[in-house]
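Listing of upload-v2.csv; format and content: CSV, C-alpha atoms.
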```csv
chain,number,residue,atom,x,y,z
J,67,MET,CA,9.3,8.6,-53.5
J,68,TYR,CA,11.7,10.9,-51.6
J,69,ALA,CA,12.6,8.5,-48.8
J,70,LYS,CA,13.1,5.5,-51.1
J,71,PHE,CA,14.9,7.1,-54.1
J,72,LEU,CA,15.7,10.8,-53.9
J,73,LYS,CA,17.1,10.9,-50.4
J,74,PRO,CA,19.5,7.9,-50.9
J,75,LEU,CA,20.6,9.4,-54.3
J,76,PHE,CA,21.3,12.8,-52.6
J,77,ASP,CA,23.1,11.1,-49.8
J,78,PHE,CA,25.4,9.2,-52.1
J,79,VAL,CA,26.3,12.1,-54.4
J,80,ALA,CA,26.6,14.7,-51.6
J,81,ALA,CA,28.8,12.3,-49.5
J,82,LEU,CA,31.1,11.6,-52.4
J,83,ILE,CA,31.5,15.3,-53.1
J,84,CYS,CA,32.1,16.1,-49.4
J,85,ILE,CA,34.7,13.3,-49.1
J,86,LEU,CA,36.6,14.7,-52.1
J,87,LEU,CA,36.5,18.2,-50.6
J,88,THR,CA,37.6,17.1,-47.1
J,89,LEU,CA,40.2,14.4,-47.9
J,90,LEU,CA,43.1,16.8,-47.2
J,91,PRO,CA,41.5,18.2,-44.0
J,92,MET,CA,40.7,14.7,-42.8
J,93,ALA,CA,44.3,13.6,-43.5
J,94,VAL,CA,45.6,16.6,-41.4
J,95,ILE,CA,43.2,15.7,-38.6
J,96,ALA,CA,44.2,12.1,-38.6
J,97,VAL,CA,47.9,13.1,-38.3
J,98,ALA,CA,47.0,15.5,-35.5
J,99,VAL,CA,45.2,12.8,-33.6
J,100,LEU,CA,48.1,10.4,-33.9
J,101,VAL,CA,50.6,13.0,-32.8
J,102,SER,CA,48.5,14.3,-29.8
J,103,SER,CA,48.3,11.0,-28.0
J,104,PRO,CA,49.1,7.2,-28.4
J,105,GLY,CA,46.5,5.2,-30.2
J,106,HIS,CA,44.8,5.0,-33.6
J,107,ALA,CA,43.6,8.0,-35.6
J,108,PHE,CA,40.1,6.5,-36.0
J,109,TYR,CA,37.7,5.0,-33.5
J,110,SER,CA,34.9,2.5,-34.5
J,111,GLN,CA,31.9,1.3,-32.5
J,112,LYS,CA,28.8,-0.7,-33.1
J,113,ARG,CA,25.7,1.4,-33.7
J,114,VAL,CA,22.0,0.5,-34.4
J,115,GLY,CA,21.1,1.1,-38.0
J,116,LYS,CA,17.9,0.8,-40.1
J,117,GLY,CA,15.7,-2.1,-39.0
J,118,LYS,CA,17.8,-2.3,-35.8
J,119,LYS,CA,20.7,-3.9,-37.7
J,120,LEU,CA,24.1,-3.2,-36.2
J,121,PHE,CA,26.7,-1.5,-38.3
J,122,THR,CA,30.2,-0.1,-37.6
J,123,LEU,CA,30.3,3.7,-37.2
J,124,ILE,CA,33.7,5.4,-37.6
J,125,LYS,CA,34.9,8.7,-36.3
J,126,PHE,CA,38.2,10.4,-35.3
J,127,ARG,CA,39.4,9.3,-31.9
J,128,THR,CA,39.1,12.2,-29.3
J,129,MET,CA,39.9,10.4,-26.1
J,130,LYS,CA,43.0,8.9,-24.6
J,131,LYS,CA,43.9,5.3,-25.1
J,132,GLY,CA,42.3,3.0,-22.4
J,133,THR,CA,39.2,5.1,-21.9
J,134,PRO,CA,36.3,2.8,-21.0
J,135,GLU,CA,33.9,2.2,-23.9
J,136,VAL,CA,30.8,3.8,-22.4
J,137,ALA,CA,28.8,6.9,-23.2
J,138,THR,CA,30.6,10.1,-22.2
J,139,HIS,CA,28.0,10.9,-19.5
J,140,LEU,CA,28.9,7.7,-17.7
J,141,LEU,CA,32.5,8.8,-17.2
J,142,ASP,CA,33.4,10.5,-13.9
J,143,ASN,CA,35.9,12.9,-15.3
J,144,PRO,CA,35.5,13.0,-19.1
J,145,GLU,CA,37.5,16.2,-19.4
J,146,ASP,CA,40.5,14.3,-18.1
J,147,ARG,CA,40.0,11.7,-20.9
J,148,ILE,CA,39.7,14.0,-23.8
J,149,THR,CA,42.9,14.9,-25.7
J,150,GLY,CA,43.8,18.4,-26.6
J,151,VAL,CA,43.0,17.9,-30.3
J,152,GLY,CA,40.0,15.9,-29.3
J,153,ARG,CA,38.5,18.8,-27.4
J,154,PHE,CA,38.7,21.0,-30.5
J,155,LEU,CA,37.3,18.3,-32.8
J,156,ARG,CA,34.3,17.7,-30.5
J,157,ARG,CA,33.7,21.4,-30.1
J,158,PHE,CA,33.0,21.7,-33.8
J,159,SER,CA,31.9,18.1,-34.4
J,160,LEU,CA,34.8,17.5,-36.8
J,161,ASP,CA,35.3,14.0,-35.2
J,162,GLU,CA,32.2,13.0,-37.1
J,163,LEU,CA,33.7,13.6,-40.6
J,164,PRO,CA,34.6,10.0,-41.2
J,165,GLN,CA,30.9,9.1,-41.1
J,166,LEU,CA,30.7,10.5,-44.6
J,167,PHE,CA,32.0,7.0,-45.6
J,168,ASN,CA,29.1,5.5,-43.6
J,169,ILE,CA,26.8,7.6,-45.7
J,170,LEU,CA,28.5,6.6,-48.9
J,171,THR,CA,27.9,3.0,-48.1
J,172,PHE,CA,24.2,3.6,-47.3
J,173,LYS,CA,24.5,2.7,-43.6
J,174,MET,CA,23.7,6.3,-42.7
J,175,SER,CA,22.0,9.4,-44.1
J,176,PHE,CA,22.9,13.0,-43.8
J,177,VAL,CA,19.7,13.6,-41.8
J,178,GLY,CA,17.9,11.1,-39.6
J,179,PRO,CA,17.8,9.9,-36.0
J,180,ARG,CA,21.3,9.7,-34.6
J,181,PRO,CA,22.4,6.0,-34.4
J,182,ALA,CA,22.0,4.6,-30.9
J,183,LEU,CA,24.8,2.8,-29.3
J,184,TRP,CA,24.6,-1.0,-29.5
J,185,ASN,CA,23.7,-1.2,-25.8
J,186,GLN,CA,21.2,1.7,-25.7
J,187,ASP,CA,18.2,-0.7,-25.5
J,188,ASP,CA,16.0,1.9,-23.7
J,189,LEU,CA,16.4,4.4,-26.6
J,190,VAL,CA,15.9,1.8,-29.3
J,191,GLU,CA,12.8,0.5,-27.5
J,192,GLU,CA,11.4,4.0,-27.2
J,193,ARG,CA,12.0,4.8,-30.8
J,194,ASP,CA,10.0,1.7,-31.8
J,195,LYS,CA,6.9,3.6,-30.6
J,196,TYR,CA,7.5,6.2,-33.4
J,197,GLY,CA,8.9,4.1,-36.2
J,198,ALA,CA,12.2,5.8,-35.8
J,199,ASN,CA,14.1,2.6,-36.1
J,200,ASP,CA,12.7,2.0,-39.6
J,201,VAL,CA,14.8,4.7,-41.3
J,202,ARG,CA,18.5,5.1,-41.8
J,203,PRO,CA,20.2,7.0,-38.9
J,204,GLY,CA,21.7,10.3,-39.7
J,205,LEU,CA,24.8,12.4,-39.3
J,206,THR,CA,22.5,15.0,-37.8
J,207,GLY,CA,18.8,15.1,-37.1
J,208,TRP,CA,15.8,17.0,-35.7
J,209,ALA,CA,16.7,16.0,-32.1
J,210,GLN,CA,20.3,17.2,-32.6
J,211,ILE,CA,19.2,20.7,-33.2
J,212,ASN,CA,16.5,20.7,-30.5
J,213,GLY,CA,18.5,19.8,-27.4
J,214,ARG,CA,21.1,17.2,-28.5
J,215,ASP,CA,22.8,15.7,-25.3
J,216,GLU,CA,20.4,17.6,-23.0
J,217,LEU,CA,17.4,15.6,-24.1
J,218,SER,CA,15.9,12.7,-22.1
J,219,ILE,CA,15.4,9.4,-23.9
J,220,PRO,CA,11.6,10.0,-24.2
J,221,ASP,CA,12.1,13.5,-25.7
J,222,LYS,CA,14.8,12.3,-28.1
J,223,ALA,CA,12.6,9.4,-29.3
J,224,ARG,CA,9.6,11.7,-29.7
J,225,LEU,CA,11.6,14.2,-31.8
J,226,ASP,CA,13.0,11.4,-33.9
J,227,GLY,CA,9.5,10.2,-34.5
J,228,GLU,CA,8.5,13.7,-35.5
J,229,TYR,CA,11.3,13.7,-38.0
J,230,VAL,CA,10.0,10.5,-39.6
J,231,LYS,CA,6.6,12.0,-40.0
J,232,ARG,CA,7.9,15.2,-41.5
J,233,MET,CA,10.7,13.8,-43.6
J,234,GLY,CA,11.1,15.6,-46.9
J,235,ILE,CA,13.4,17.8,-48.9
J,236,GLY,CA,12.4,21.0,-47.1
J,237,PHE,CA,12.6,19.5,-43.7
J,238,ASP,CA,15.9,17.8,-44.3
J,239,PHE,CA,17.3,21.2,-45.5
J,240,LYS,CA,15.9,22.8,-42.4
J,241,CYS,CA,17.7,20.3,-40.2
J,242,LEU,CA,21.0,20.8,-42.1
J,243,ILE,CA,20.8,24.6,-41.8
J,244,GLY,CA,20.0,24.2,-38.1
J,245,THR,CA,22.9,21.9,-37.6
J,246,VAL,CA,25.4,24.4,-38.9
J,247,ARG,CA,24.1,27.0,-36.5
J,248,ALA,CA,24.1,24.5,-33.6
J,249,VAL,CA,27.6,23.3,-34.3
J,250,PHE,CA,29.1,26.8,-34.2
J,251,ARG,CA,27.2,27.7,-31.1
J,252,ALA,CA,28.0,24.3,-29.5
J,253,GLU,CA,24.4,24.0,-28.5
J,254,GLY,CA,23.3,21.1,-26.4
J,255,VAL,CA,26.7,19.6,-25.9
J,256,VAL,CA,27.1,17.8,-22.5
J,257,GLU,CA,30.1,16.0,-21.3
J,258,GLY,CA,30.1,13.9,-18.1
J,259,LYS,CA,27.9,13.0,-15.1
J,260,LYS,CA,28.4,16.3,-13.4
J,261,THR,CA,26.3,18.1,-16.0
J,262,SER,CA,23.9,15.5,-17.3
J,263,GLU,CA,22.5,13.4,-14.5
J,264,SER,CA,19.1,13.2,-16.2
J,265,ASN,CA,20.6,12.6,-19.6
J,266,ASP,CA,20.8,8.9,-20.2
J,267,SER,CA,20.8,9.2,-23.9
J,268,SER,CA,24.2,10.8,-24.6
J,269,GLU,CA,26.2,9.0,-27.1
J,270,LYS,CA,29.4,10.8,-27.8
J,271,ILE,CA,32.3,8.6,-26.8
J,272,GLN,CA,35.9,8.4,-27.9
```

Written form, structure tokens:
Amino acid sequence: MYAKFLKPLFDFVAALICILLTLLPMAVIAVAVLVSSPGHAFYSQKRVGKGKKLFTLIKFRTMKKGTPEVATHLLDNPEDRITGVGRFLRRFSLDELPQLFNILTFKMSFVGPRPALWNQDDLVEERDKYGANDVRPGLTGWAQINGRDELSIPDKARLDGEYVKRMGIGFDFKCLIGTVRAVFRAEGVVEGKKTSESNDSSEKIQ
């Protein structure tokens, strides 16, 4: 009942309200991104959605034009690629705000497994063991507040599977509250090879 009807309804209404409340801030961010470095204000990439169907995820661009389209941890010097504005946006996850539109169109949910990159076959395969590919991916999730970029693929998939089993109003609320705390503390954020050699599941690019 919750996963099929109440959760999508909450996602739609909450996303619509959040978009209306953040339209002006998002417009300001878009201008700041454009002014800070050459390139578009937004960045889009293919991600794995519910049922392993690909969809286009959107976010604010945080890296310089010409940065290779690979996960951040695969870049030798990610700090040299990130723009000044981008560094601030990533610090507080403000670059993720445009994903409210992904939620509004039912491609994502507020809470769920973070959508894997289109080429993260290992993560997708591991999530199959737990049924984590059978739910809509989230803006945040249980794994995001329990290690985030520091997690290995098996650990991330296991936590995603735990979320699927425990999914409900109370658990979603717990994940949302935990996300607010994690964002302001910048918990689990890893950028580049030098700090995450064992982390092959990092996704934050551009």

If I take atom CA of J:Val114 and atom CA of J:Asp200, how far is one from the other in Å, to one decimal?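 Rounded to one decimal, the two atoms are 10.8 Å apart.
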
Of the candidates J:Gly132, J:Gly152, J:Pro144, J:Gly117, which one gets nearest to J:Val101 if we count all atoms listed in the file?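 Of J:Gly132, J:Gly152, J:Pro144, J:Gly117, the one nearest J:Val101 is J:Gly152, counting all atoms listed in the file.
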
All residues 10 Å or closer to J:Ser110, only C-alpha atoms, same chain fewer than 4 positions away omitted, as a PDB file with C-alpha atoms, keeping the file's coordinate frame:
```pdb
ATOM      1  CA  PHE J 121      26.700  -1.500 -38.300  1.00  0.00           C
ATOM      2  CA  THR J 122      30.200  -0.100 -37.600  1.00  0.00           C
ATOM      3  CA  LEU J 123      30.300   3.700 -37.200  1.00  0.00           C
ATOM      4  CA  ILE J 124      33.700   5.400 -37.600  1.00  0.00           C
ATOM      5  CA  LYS J 125      34.900   8.700 -36.300  1.00  0.00           C
ATOM      6  CA  PHE J 126      38.200  10.400 -35.300  1.00  0.00           C
ATOM      7  CA  ARG J 127      39.400   9.300 -31.900  1.00  0.00           C
ATOM      8  CA  GLN J 272      35.900   8.400 -27.900  1.00  0.00           C
TER       9      GLN J 272
END
```

So how many Å separate atom CA of J:Phe154 and atom CA of J:Phe237, to one decimal?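 Between atom CA of J:Phe154 and atom CA of J:Phe237 the gap is 29.3 Å.
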
Using all atoms listed in the file, find each residue in stretch 73-138 of chain J having at least one atom no more than 12 Å away from stretch 156-161 of chain J; report its shortest atom-to-atom pair and that distance in Å (one decimal), rows by chain then rising number, as CSV.
```
residue,atom,partner,partner_atom,distance
J:Thr88,CA,J:Leu160,CA,10.7
J:Pro91,CA,J:Leu160,CA,9.9
J:Met92,CA,J:Leu160,CA,8.9
J:Val94,CA,J:Leu160,CA,11.8
J:Ile95,CA,J:Asp161,CA,8.8
J:Ala96,CA,J:Asp161,CA,9.7
J:Ala98,CA,J:Asp161,CA,11.8
J:Val99,CA,J:Asp161,CA,10.1
J:Ala107,CA,J:Asp161,CA,10.2
J:Phe108,CA,J:Asp161,CA,8.9
J:Tyr109,CA,J:Asp161,CA,9.5
J:Ser110,CA,J:Asp161,CA,11.5
J:Leu123,CA,J:Asp161,CA,11.6
J:Ile124,CA,J:Asp161,CA,9.1
J:Lys125,CA,J:Asp161,CA,5.4
J:Phe126,CA,J:Asp161,CA,4.6
J:Arg127,CA,J:Asp161,CA,7.1
J:Thr128,CA,J:Asp161,CA,7.2
J:Met129,CA,J:Arg156,CA,10.2
J:Thr138,CA,J:Arg156,CA,11.8
```

Print the selection's residues with C-alpha atoms to a file, as a PDB file, in the coordinates of the input.
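Saved the output as result-v3.pdb:
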```pdb
ATOM      1  CA  THR J  88      37.600  17.100 -47.100  1.00  0.00           C
ATOM      2  CA  PRO J  91      41.500  18.200 -44.000  1.00  0.00           C
ATOM      3  CA  MET J  92      40.700  14.700 -42.800  1.00  0.00           C
ATOM      4  CA  VAL J  94      45.600  16.600 -41.400  1.00  0.00           C
ATOM      5  CA  ILE J  95      43.200  15.700 -38.600  1.00  0.00           C
ATOM      6  CA  ALA J  96      44.200  12.100 -38.600  1.00  0.00           C
ATOM      7  CA  ALA J  98      47.000  15.500 -35.500  1.00  0.00           C
ATOM      8  CA  VAL J  99      45.200  12.800 -33.600  1.00  0.00           C
ATOM      9  CA  ALA J 107      43.600   8.000 -35.600  1.00  0.00           C
ATOM     10  CA  PHE J 108      40.100   6.500 -36.000  1.00  0.00           C
ATOM     11  CA  TYR J 109      37.700   5.000 -33.500  1.00  0.00           C
ATOM     12  CA  SER J 110      34.900   2.500 -34.500  1.00  0.00           C
ATOM     13  CA  LEU J 123      30.300   3.700 -37.200  1.00  0.00           C
ATOM     14  CA  ILE J 124      33.700   5.400 -37.600  1.00  0.00           C
ATOM     15  CA  LYS J 125      34.900   8.700 -36.300  1.00  0.00           C
ATOM     16  CA  PHE J 126      38.200  10.400 -35.300  1.00  0.00           C
ATOM     17  CA  ARG J 127      39.400   9.300 -31.900  1.00  0.00           C
ATOM     18  CA  THR J 128      39.100  12.200 -29.300  1.00  0.00           C
ATOM     19  CA  MET J 129      39.900  10.400 -26.100  1.00  0.00           C
ATOM     20  CA  THR J 138      30.600  10.100 -22.200  1.00  0.00           C
TER      21      THR J 138
END
```

Counting all atoms listed in the file, figure out which residue out of J:Lys116, J:Lys173, J:Ala248, J:Asp146 gets nearest to J:Ala198.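 Nearest to J:Ala198: J:Lys116.
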
Atomic distance atom CA of J:Phe250 - atom CA of J:Lys112, expressed in Å with one decimal: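 Those two atoms sit 27.5 Å apart.
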
Please provide the set of residues having any atom within 9 Å of J:Val190, restricted to all atoms listed in the file, with same-chain residues fewer than 4 positions apart removed, written as an MDAnalysis selection string. chainID J and resid 114 118 182:183 186 194 198:199 223

Which polymer residues, protein or nucleic acid, are no farther than 10 Å from (27.0, 10.3, -52.4), counting all atoms listed in the file, as a PyMOL selection string? chain J and resi 74-85+166-167+169-172+175-176

Counting only C-alpha atoms, what is within 8 Å of J:Cys241, bar same-chain residues fewer than 4 positions away, as a PyMOL selection string? chain J and resi 177+206-208+211+237+245

Please determine, counting all atoms listed in the file, which residue among J:Lys240, J:Lys73, J:Arg193, J:Lys131 has the shortest atom-to-atom distance to J:Ser103.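 Using all atoms listed in the file, J:Ser103 sits closest to J:Lys131.
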
Measuring between all atoms listed in the file, which one of J:Pro179, J:Arg224, J:Met233, J:Gly197 shows the shortest distance to J:Gln210? J:Pro179
